[in-house]
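The data block below is work35.txt; it holds compact mmCIF, C-alpha atoms.
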```txt
# COMPACT_ATOMS: atom_id res chain seq x y z
CA GLN A 15 5.74 -16.57 -31.25
CA GLY A 16 3.30 -14.55 -29.21
CA LEU A 17 2.05 -14.55 -25.65
CA SER A 18 0.87 -18.16 -25.63
CA ALA A 19 3.86 -19.78 -27.38
CA ASP A 20 5.30 -21.11 -24.11
CA PRO A 21 2.73 -23.09 -22.06
CA THR A 22 4.37 -22.14 -18.74
CA THR A 23 4.32 -18.45 -19.55
CA PHE A 24 0.75 -18.71 -20.80
CA ALA A 25 -0.33 -20.40 -17.54
CA ALA A 26 1.35 -17.64 -15.51
CA TYR A 27 -0.37 -14.96 -17.61
CA ARG A 28 -3.71 -16.72 -17.21
CA GLU A 29 -3.32 -16.95 -13.44
CA THR A 30 -2.37 -13.26 -13.27
CA GLU A 31 -5.36 -12.30 -15.41
CA VAL A 32 -7.80 -14.25 -13.24
CA ILE A 33 -6.38 -12.77 -10.02
CA HIS A 34 -6.59 -9.24 -11.43
CA ALA A 35 -10.11 -9.96 -12.68
CA ARG A 36 -11.21 -11.09 -9.22
CA TRP A 37 -9.73 -7.99 -7.60
CA ALA A 38 -11.38 -5.78 -10.22
CA MET A 39 -14.77 -7.38 -9.57
CA LEU A 40 -14.34 -6.72 -5.83
CA GLY A 41 -13.07 -3.20 -6.51
CA THR A 42 -15.98 -2.35 -8.78
CA LEU A 43 -18.42 -3.51 -6.14
CA GLY A 44 -16.50 -1.57 -3.48
CA CYS A 45 -16.60 1.63 -5.55
CA VAL A 46 -20.32 1.49 -6.28
CA THR A 47 -21.85 0.05 -3.10
CA PRO A 48 -21.10 2.87 -0.59
CA GLU A 49 -22.33 5.48 -3.05
CA LEU A 50 -25.51 3.50 -3.76
CA LEU A 51 -26.18 3.01 -0.05
CA ALA A 52 -25.66 6.68 0.74
CA LYS A 53 -27.64 8.01 -2.22
CA TYR A 54 -30.61 5.65 -2.36
CA SER A 55 -30.84 3.96 1.05
CA GLY A 56 -29.96 6.90 3.25
CA VAL A 57 -27.13 5.07 5.00
CA PRO A 58 -24.97 7.72 6.67
CA ILE A 59 -21.51 7.26 5.16
CA ALA A 60 -19.10 10.12 5.82
CA GLU A 61 -17.59 9.96 2.32
CA PRO A 62 -19.28 7.50 -0.04
CA VAL A 63 -17.26 8.40 -3.16
CA TRP A 64 -14.50 5.81 -3.54
CA PHE A 65 -11.60 8.09 -4.47
CA LYS A 66 -12.35 10.61 -1.72
CA ALA A 67 -12.88 8.12 1.11
CA GLY A 68 -9.20 7.66 1.94
CA SER A 69 -8.70 11.37 2.57
CA GLN A 70 -10.80 11.07 5.74
CA ILE A 71 -7.73 9.77 7.55
CA PHE A 72 -6.32 13.30 7.38
CA ALA A 73 -9.50 14.82 8.83
CA GLU A 74 -9.93 15.69 12.49
CA GLY A 75 -10.54 12.47 14.40
CA GLY A 76 -9.28 10.16 11.66
CA LEU A 77 -11.16 7.49 9.78
CA ASP A 78 -13.77 5.18 11.29
CA TYR A 79 -14.45 2.04 9.29
CA LEU A 80 -18.18 1.56 8.66
CA GLY A 81 -18.74 4.74 10.68
CA ASN A 82 -18.00 2.89 13.92
CA PRO A 83 -14.99 4.07 15.97
CA SER A 84 -14.86 0.82 17.93
CA LEU A 85 -14.19 -1.30 14.83
CA VAL A 86 -11.10 0.34 13.38
CA HIS A 87 -10.25 3.91 14.25
CA ALA A 88 -7.45 4.88 11.87
CA GLN A 89 -5.53 8.04 12.59
CA SER A 90 -2.14 7.41 11.01
CA ILE A 91 -1.53 6.92 7.30
CA LEU A 92 1.83 5.29 8.11
CA ALA A 93 0.14 2.71 10.36
CA ILE A 94 -2.40 1.96 7.63
CA LEU A 95 0.38 1.64 5.06
CA ALA A 96 2.36 -0.71 7.31
CA CYS A 97 -0.72 -2.87 7.97
CA GLN A 98 -1.54 -3.03 4.25
CA VAL A 99 2.01 -4.02 3.32
CA ILE A 100 2.21 -6.69 6.02
CA LEU A 101 -1.27 -8.15 5.47
CA MET A 102 -1.33 -8.04 1.66
CA GLY A 103 2.34 -8.95 1.34
CA GLY A 104 1.86 -11.90 3.68
CA ALA A 105 -1.22 -13.11 1.84
CA GLU A 106 0.50 -12.77 -1.55
CA ALA A 107 3.64 -14.55 -0.33
CA TYR A 108 1.46 -17.35 1.05
CA ARG A 109 -0.37 -17.66 -2.26
CA VAL A 110 2.77 -17.61 -4.41
CA ASN A 111 4.50 -20.25 -2.26
CA GLY A 112 1.71 -22.83 -2.52
CA GLY A 113 -0.67 -21.19 -0.08
CA PRO A 114 -4.07 -22.58 0.72
CA ALA A 115 -4.26 -24.68 -2.45
CA GLY A 116 -1.59 -27.06 -1.17
CA GLU A 117 0.14 -29.58 -3.37
CA GLY A 118 -1.38 -30.89 -6.58
CA LEU A 119 -4.34 -28.50 -6.71
CA ASP A 120 -5.12 -25.94 -9.39
CA ALA A 121 -3.71 -22.57 -8.31
CA ILE A 122 -6.53 -20.61 -9.94
CA ASN A 123 -9.49 -22.84 -9.03
CA PRO A 124 -8.41 -25.10 -6.17
CA GLY A 125 -11.90 -26.42 -5.34
CA GLY A 126 -12.34 -28.35 -2.08
CA ALA A 127 -12.87 -25.95 0.82
CA PHE A 128 -12.76 -23.06 -1.66
CA ASP A 129 -15.88 -24.40 -3.39
CA PRO A 130 -18.37 -24.87 -0.54
CA LEU A 131 -21.36 -24.79 -2.90
CA GLY A 132 -19.96 -27.55 -5.10
CA LEU A 133 -20.09 -25.45 -8.25
CA ALA A 134 -17.12 -27.32 -9.75
CA ASP A 135 -18.60 -30.80 -9.30
CA ASP A 136 -19.94 -30.96 -12.86
CA PRO A 137 -17.09 -30.45 -15.38
CA ASP A 138 -19.34 -28.85 -18.02
CA THR A 139 -20.84 -26.38 -15.56
CA PHE A 140 -17.38 -25.66 -14.15
CA ALA A 141 -15.98 -24.90 -17.62
CA GLU A 142 -18.90 -22.54 -18.28
CA LEU A 143 -18.42 -20.80 -14.92
CA LYS A 144 -14.71 -20.26 -15.65
CA VAL A 145 -15.60 -18.55 -18.94
CA LYS A 146 -18.23 -16.41 -17.19
CA GLU A 147 -15.74 -15.46 -14.48
CA ILE A 148 -13.08 -14.27 -16.92
CA LYS A 149 -15.62 -12.38 -19.05
CA ASN A 150 -17.08 -10.61 -16.01
CA GLY A 151 -13.57 -9.98 -14.71
CA ARG A 152 -12.49 -8.38 -17.96
CA LEU A 153 -15.60 -6.21 -17.88
CA ALA A 154 -14.80 -5.22 -14.29
CA MET A 155 -11.21 -4.30 -15.22
CA PHE A 156 -12.56 -2.10 -18.00
CA SER A 157 -15.15 -0.64 -15.59
CA MET A 158 -12.40 0.31 -13.15
CA LEU A 159 -10.62 2.13 -15.97
CA GLY A 160 -13.88 4.00 -16.61
CA PHE A 161 -14.17 4.85 -12.90
CA TYR A 162 -10.62 6.28 -12.93
CA VAL A 163 -11.31 8.41 -16.01
CA GLN A 164 -14.64 9.62 -14.59
CA ALA A 165 -13.03 10.54 -11.29
CA ILE A 166 -10.37 12.62 -13.03
CA SER A 167 -12.69 14.28 -15.54
CA THR A 168 -15.77 14.96 -13.37
CA GLY A 169 -14.66 14.73 -9.74
CA LYS A 170 -17.74 12.62 -8.99
CA GLY A 171 -18.37 8.97 -8.23
CA PRO A 172 -19.74 6.46 -10.74
CA VAL A 173 -23.28 6.44 -9.31
CA GLU A 174 -23.54 10.24 -9.43
CA ASN A 175 -22.21 10.27 -13.00
CA TRP A 176 -24.71 7.57 -13.98
CA ALA A 177 -27.61 9.43 -12.32
CA GLU A 178 -26.71 12.65 -14.14
CA HIS A 179 -26.45 10.80 -17.45
CA ILE A 180 -29.85 9.11 -16.97
CA ALA A 181 -31.42 12.51 -16.16
CA ASP A 182 -29.96 14.15 -19.30
CA PRO A 183 -28.48 11.58 -21.73
CA SER A 184 -27.75 14.01 -24.55
CA GLY A 185 -26.28 16.69 -22.29
CA VAL A 186 -24.21 14.55 -19.95
CA ASN A 187 -22.17 11.86 -21.67
CA GLY A 188 -18.60 11.01 -22.58
CA LEU A 189 -18.62 13.17 -25.68
CA THR A 190 -19.81 16.31 -23.93
CA LEU A 191 -17.30 15.88 -21.11
CA ALA A 192 -14.32 14.84 -23.25
CA THR A 193 -13.19 18.38 -23.99
CA ALA A 194 -12.17 19.49 -20.50
CA THR A 195 -11.14 18.14 -17.14
CA LYS A 196 -13.25 19.60 -14.38
CA PHE A 197 -11.40 18.11 -11.43
CA THR A 198 -7.90 18.50 -10.12
CA PRO A 199 -6.95 16.07 -7.36
```

Write out the structure in this file as structure tokens.
Amino acid sequence: QGLSADPTTFAAYRETEVIHARWAMLGTLGCVTPELLAKYSGVPIAEPVWFKAGSQIFAEGGLDYLGNPSLVHAQSILAILACQVILMGGAEAYRVNGGPAGEGLDAINPGGAFDPLGLADDPDTFAELKVKEIKNGRLAMFSMLGFYVQAISTGKGPVENWAEHIADPSGVNGLTLATATKFTP
């Protein structure tokens, strides 16, 4: 019994976990990077906090990706939704139906053109990298959960919460903020 009793089901769960881990690692980086750039590098980003950035589409003039109106100038949430569904749905359908891995390749780690640095050439190193990837991915999934909870409870981004905690560790931490929600979306 259990989750790994059937090898086919276990393989599907493993593939799903790795894919979610990779998205979480990208998401974590995407949540932190704009805020870091705006706070410490002075890069002018209209809204660096990850959970507030999407609301810019409803502002006058819409949303300019990377602050440049000639790249993508989004003014319609329905157009963005349609593009997301088509692009992500198409990519997911391509992946599920064999996709770029082709026949006979590992769906999770296909290698070949997807390993331009040759990291999978040595089997021992490759096994170690797979373990590191899943551990970092699990940490990133947990970090995203923390970002969600912080956003709801403080109304601030992760970098701002971290900076406030570093400035006053005993006054600003999870225990002092656990009693009340200070933000209503």

Open item on the list: Let me make sure I understand: among A:Gly68, A:Gly76, A:Gly44, A:Gly103, which one has the smallest atom-to-atom distance to A:Ser90 if we use all atoms listed in the file?
Closed with: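 Looking at the shortest contact to A:Ser90, the residue is A:Gly76.
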
Determine, using only C-alpha atoms, which residues of stretch 43-77 of chain A have any atom at most 12 Å from an atom of stretch 141-161 of chain A, and tabulate each with its shortest atom pair and distance in Å to one decimal place, rows ordered by chain and then rising number, as a tab-separated table.
```
residue	atom	partner	partner_atom	distance
A:Leu43	CA	A:Ala154	CA	9.1
A:Gly44	CA	A:Met158	CA	10.7
A:Cys45	CA	A:Phe161	CA	8.4
A:Val46	CA	A:Phe161	CA	9.6
A:Val63	CA	A:Phe161	CA	10.8
A:Trp64	CA	A:Phe161	CA	9.4
A:Phe65	CA	A:Phe161	CA	9.4
```

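Going from atom CA of A:Pro48 over to atom CA of A:Glu178, you cover 17.6 Å.
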
Open item on the list: Please compute the atom CA of A:Asp129-atom CA of A:Leu85 distance, one decimal, in Å.
Closed with: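 Separation between atom CA of A:Asp129 and atom CA of A:Leu85: 29.5 Å.
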
Report the centre and edge lengths, in Å to one decimal, of an axis-aligned box enclosing every atom of stretch 22-33 of chain A listed in the file, padded by 4 Å on each side, as lines of an AutoDock Vina configuration file.
```
center_x = -1.7
center_y = -17.2
center_z = -15.4
size_x = 20.2
size_y = 17.8
size_z = 18.8
```

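Residues in contact with A:Ile122 at up to 9 Å, not including ones fewer than 4 positions away on its chain and judged by only C-alpha atoms, are Arg28, Glu29, Val32, Ile33 and Ala115 of chain A.
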
- [ ] Please measure the separation of atom CA of A:Tyr162 and atom CA of A:Ile180, giving the value in Å to one decimal.
- [x]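 Straight-line distance from atom CA of A:Tyr162 to atom CA of A:Ile180 works out to 19.9 Å.
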
TODO: Tell me which of A:Ala88, A:Gly188, A:Ala165, A:Pro62 sits closest to A:Thr47, counting only C-alpha atoms.
DONE: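 Counting only C-alpha atoms, the residue closest to A:Thr47 is A:Pro62.
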
Open item on the list: Please determine, counting only C-alpha atoms, which residue among A:Ala52, A:Glu61, A:Thr168, A:Leu17 has the shortest atom-to-atom distance to A:Val186.
Closed with: A:Thr168

TODO: Fewer than 5 positions away in the same chain doesn't count, so skip those; otherwise give me all residues within 12 Å of stretch 108-111 of chain A, counting only C-alpha atoms, as number ranges by chain.
DONE: A: 26, 29-30, 33, 100-103, 116-117, 120-122, 124

TODO: Between A:Ala35, A:Ala25, A:Ala67, A:Leu50, single out the one closest to A:Val173, counting all atoms listed in the file.
DONE: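 Result for the nearest residue to A:Val173: A:Leu50.
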
Polymer residues at most 9 Å from (-5.4, 7.7, 6.9) by all atoms listed in the file, as a CSV table (one decimal) with C-alpha atoms, in the coordinates of the input:
```csv
chain,number,residue,atom,x,y,z
A,68,GLY,CA,-9.2,7.7,1.9
A,69,SER,CA,-8.7,11.4,2.6
A,70,GLN,CA,-10.8,11.1,5.7
A,71,ILE,CA,-7.7,9.8,7.6
A,72,PHE,CA,-6.3,13.3,7.4
A,73,ALA,CA,-9.5,14.8,8.8
A,76,GLY,CA,-9.3,10.2,11.7
A,77,LEU,CA,-11.2,7.5,9.8
A,88,ALA,CA,-7.4,4.9,11.9
A,89,GLN,CA,-5.5,8.0,12.6
A,90,SER,CA,-2.1,7.4,11.0
A,91,ILE,CA,-1.5,6.9,7.3
A,92,LEU,CA,1.8,5.3,8.1
A,93,ALA,CA,0.1,2.7,10.4
A,94,ILE,CA,-2.4,2.0,7.6
A,95,LEU,CA,0.4,1.6,5.1
```
